[in-house]
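Before any comments, here is the structure.
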Amino acid sequence: MIRFGIAMLGLVAMTGAIAVHQPATAGSDNPRIAASAHLYDTYCAQCHGVQRNGKGVNTVGLSVQPRDHSDTAGMSSLPRDQMIKAISEGGGAVNKSALMPSWSAVLSKEQIEDMADYLIYVCKCDTAQ
């Protein structure tokens, strides 16, 4: 009986954790946003976090913390072409951390452009005043 109770408690905790992680595409029917969210979860979330807040699992011990993509004020100051360059060529190409790798060998030009649009969507920069 105790094992069953512990198993159920674990199941409830896991279900709660899944419910807390809302994909950053909620409210969007745009297939490019959904595709970019999937790519972000695959390639970016390890450093930038599943909540897109710069607190990914790989950040422990980094001398420079990854950018918080959910920060409207911080992200609004970045032009789209600078985002594209950072994703394509890495952080060093835009005078940011050299720890941010280049993704041009992994993602297509279209995927990189869509990722920049996705970041604008995530930070709600298109609605910032």
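By convention in this document, the chains of the structure tokens carry letters A, B, ... by their order, each chain's residues are numbered from 1, and ligands are numbered from 1 in the order they are shown.
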
Counting only C-alpha atoms, give me one row per residue of stretch 43-68 of chain A with an atom at most 12 Å from an atom of stretch 116-120 of chain A, showing the shortest contact pair and its distance in Å to one decimal, sorted by chain then residue number, as CSV.
```
residue,atom,partner,partner_atom,distance
A:Cys44,CA,A:Leu119,CA,11.2
A:His48,CA,A:Leu119,CA,11.4
A:Arg52,CA,A:Leu119,CA,9.1
A:Asn53,CA,A:Leu119,CA,11.5
A:Arg67,CA,A:Leu119,CA,11.1
A:Asp68,CA,A:Leu119,CA,10.2
```

**Q.** Residue neighbourhood A:Tyr40, 12 Å, only C-alpha atoms, exclusion window fewer than 2 positions, as an NGL selection string
**A.** :A and (23-25 or 32-38 or 42-52 or 56 or 69 or 87 or 103 or 107 or 111-112 or 114-116 or 118-119 or 122)

**Q.** Interatomic distance, atom CA of A:Glu89 to atom CA of A:Ala105 (Å, one decimal)
**A.** 9.5 Å

(Q) Taking 5 positions as the minimum chain separation for residues in the same chain, which residues sit within 10 Å of A:Ser88 when counting only C-alpha atoms? Answer as JSON, numbers by chain. (A) {"A": [82, 83, 93, 101, 102, 103, 104, 105, 106, 107, 108, 109, 112, 113]}

Q: Work out how far apart atom CA of A:Gly74 and atom CA of A:Pro31 are and give it in Å to one decimal.
A: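 The value is 26.1 Å.
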
Q. Quick one: residues within 8 Å of A:Gln65, only C-alpha atoms counted, chain neighbours fewer than 2 positions away excluded, as a PyMOL selection string?
A. chain A and resi 54-55+59+62-63+67

Those residues you just picked out, can you put them in a file as a PDB file, in the first residue's frame with N, CA, C and O atoms?
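What landed in selection_11.pdb:
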```pdb
ATOM      1  N   GLY A  54      17.176  32.263 -19.633  1.00  0.00           N
ATOM      2  CA  GLY A  54      18.628  32.270 -19.462  1.00  0.00           C
ATOM      3  C   GLY A  54      19.128  31.373 -18.352  1.00  0.00           C
ATOM      4  O   GLY A  54      20.282  31.463 -17.958  1.00  0.00           O
ATOM      5  N   LYS A  55      18.288  30.510 -17.836  1.00  0.00           N
ATOM      6  CA  LYS A  55      18.661  29.659 -16.700  1.00  0.00           C
ATOM      7  C   LYS A  55      18.574  28.180 -17.077  1.00  0.00           C
ATOM      8  O   LYS A  55      17.887  27.394 -16.424  1.00  0.00           O
ATOM      9  N   THR A  59      24.181  26.108 -17.558  1.00  0.00           N
ATOM     10  CA  THR A  59      24.722  27.403 -17.155  1.00  0.00           C
ATOM     11  C   THR A  59      25.597  27.356 -15.902  1.00  0.00           C
ATOM     12  O   THR A  59      26.279  28.324 -15.613  1.00  0.00           O
ATOM     13  N   LEU A  62      29.268  28.770 -15.893  1.00  0.00           N
ATOM     14  CA  LEU A  62      29.581  29.656 -17.010  1.00  0.00           C
ATOM     15  C   LEU A  62      29.986  31.027 -16.480  1.00  0.00           C
ATOM     16  O   LEU A  62      29.357  31.556 -15.566  1.00  0.00           O
ATOM     17  N   SER A  63      31.005  31.606 -17.069  1.00  0.00           N
ATOM     18  CA  SER A  63      31.449  32.928 -16.636  1.00  0.00           C
ATOM     19  C   SER A  63      30.483  34.015 -17.093  1.00  0.00           C
ATOM     20  O   SER A  63      30.394  35.078 -16.481  1.00  0.00           O
ATOM     21  N   ARG A  67      21.586  34.961 -22.399  1.00  0.00           N
ATOM     22  CA  ARG A  67      20.566  36.000 -22.460  1.00  0.00           C
ATOM     23  C   ARG A  67      19.206  35.440 -22.065  1.00  0.00           C
ATOM     24  O   ARG A  67      18.855  34.316 -22.385  1.00  0.00           O
TER      25      ARG A  67
END
```

Q: Please identify all polymer residues within 9 Å of A:Met100, counting only C-alpha atoms, omitting same-chain residues fewer than 6 positions from it, and present them as a list in words.
A: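 After dropping sequence-adjacent residues, the list is Pro66, Ala86, Ile87, Glu89, Gly90, Gly91 and Gly92 of chain A.
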
Could you write out that same residue set with all heavy atoms as a PDB file, in the first residue's frame?
```pdb
ATOM      1  N   PRO A  66      23.712  33.134 -20.098  1.00  0.00           N
ATOM      2  CA  PRO A  66      22.997  33.316 -21.363  1.00  0.00           C
ATOM      3  C   PRO A  66      21.911  34.388 -21.261  1.00  0.00           C
ATOM      4  O   PRO A  66      21.382  34.655 -20.181  1.00  0.00           O
ATOM      5  CB  PRO A  66      22.364  31.950 -21.620  1.00  0.00           C
ATOM      6  CG  PRO A  66      23.204  30.998 -20.838  1.00  0.00           C
ATOM      7  CD  PRO A  66      23.632  31.760 -19.611  1.00  0.00           C
ATOM      8  N   ALA A  86      23.857  36.718 -34.528  1.00  0.00           N
ATOM      9  CA  ALA A  86      24.279  35.980 -33.326  1.00  0.00           C
ATOM     10  C   ALA A  86      23.968  34.491 -33.460  1.00  0.00           C
ATOM     11  O   ALA A  86      24.791  33.642 -33.095  1.00  0.00           O
ATOM     12  CB  ALA A  86      23.594  36.552 -32.091  1.00  0.00           C
ATOM     13  N   ILE A  87      22.802  34.164 -33.995  1.00  0.00           N
ATOM     14  CA  ILE A  87      22.431  32.760 -34.169  1.00  0.00           C
ATOM     15  C   ILE A  87      23.306  32.128 -35.252  1.00  0.00           C
ATOM     16  O   ILE A  87      23.820  31.022 -35.080  1.00  0.00           O
ATOM     17  CB  ILE A  87      20.936  32.624 -34.527  1.00  0.00           C
ATOM     18  CG1 ILE A  87      20.062  33.152 -33.388  1.00  0.00           C
ATOM     19  CG2 ILE A  87      20.589  31.162 -34.831  1.00  0.00           C
ATOM     20  CD1 ILE A  87      18.612  33.396 -33.776  1.00  0.00           C
ATOM     21  N   GLU A  89      26.336  33.169 -36.601  1.00  0.00           N
ATOM     22  CA  GLU A  89      27.792  33.217 -36.459  1.00  0.00           C
ATOM     23  C   GLU A  89      28.295  33.050 -35.031  1.00  0.00           C
ATOM     24  O   GLU A  89      29.495  32.964 -34.812  1.00  0.00           O
ATOM     25  CB  GLU A  89      28.303  34.539 -37.035  1.00  0.00           C
ATOM     26  CG  GLU A  89      27.945  34.724 -38.504  1.00  0.00           C
ATOM     27  CD  GLU A  89      28.340  36.097 -39.029  1.00  0.00           C
ATOM     28  OE1 GLU A  89      29.319  36.691 -38.513  1.00  0.00           O
ATOM     29  OE2 GLU A  89      27.663  36.578 -39.960  1.00  0.00           O
ATOM     30  N   GLY A  90      27.392  33.052 -34.072  1.00  0.00           N
ATOM     31  CA  GLY A  90      27.797  32.911 -32.679  1.00  0.00           C
ATOM     32  C   GLY A  90      27.874  34.244 -31.960  1.00  0.00           C
ATOM     33  O   GLY A  90      27.874  35.312 -32.585  1.00  0.00           O
ATOM     34  N   GLY A  91      27.952  34.187 -30.656  1.00  0.00           N
ATOM     35  CA  GLY A  91      27.963  35.394 -29.831  1.00  0.00           C
ATOM     36  C   GLY A  91      29.107  36.338 -30.107  1.00  0.00           C
ATOM     37  O   GLY A  91      28.948  37.554 -30.065  1.00  0.00           O
ATOM     38  N   GLY A  92      30.279  35.791 -30.389  1.00  0.00           N
ATOM     39  CA  GLY A  92      31.443  36.635 -30.659  1.00  0.00           C
ATOM     40  C   GLY A  92      31.253  37.554 -31.849  1.00  0.00           C
ATOM     41  O   GLY A  92      31.830  38.645 -31.888  1.00  0.00           O
TER      42      GLY A  92
END
```

(Q) Please compute the atom CA of A:Asp71-atom CA of A:Asp41 distance, one decimal, in Å. (A)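 Interatomic distance, atom CA of A:Asp71 to atom CA of A:Asp41: 17.8 Å.
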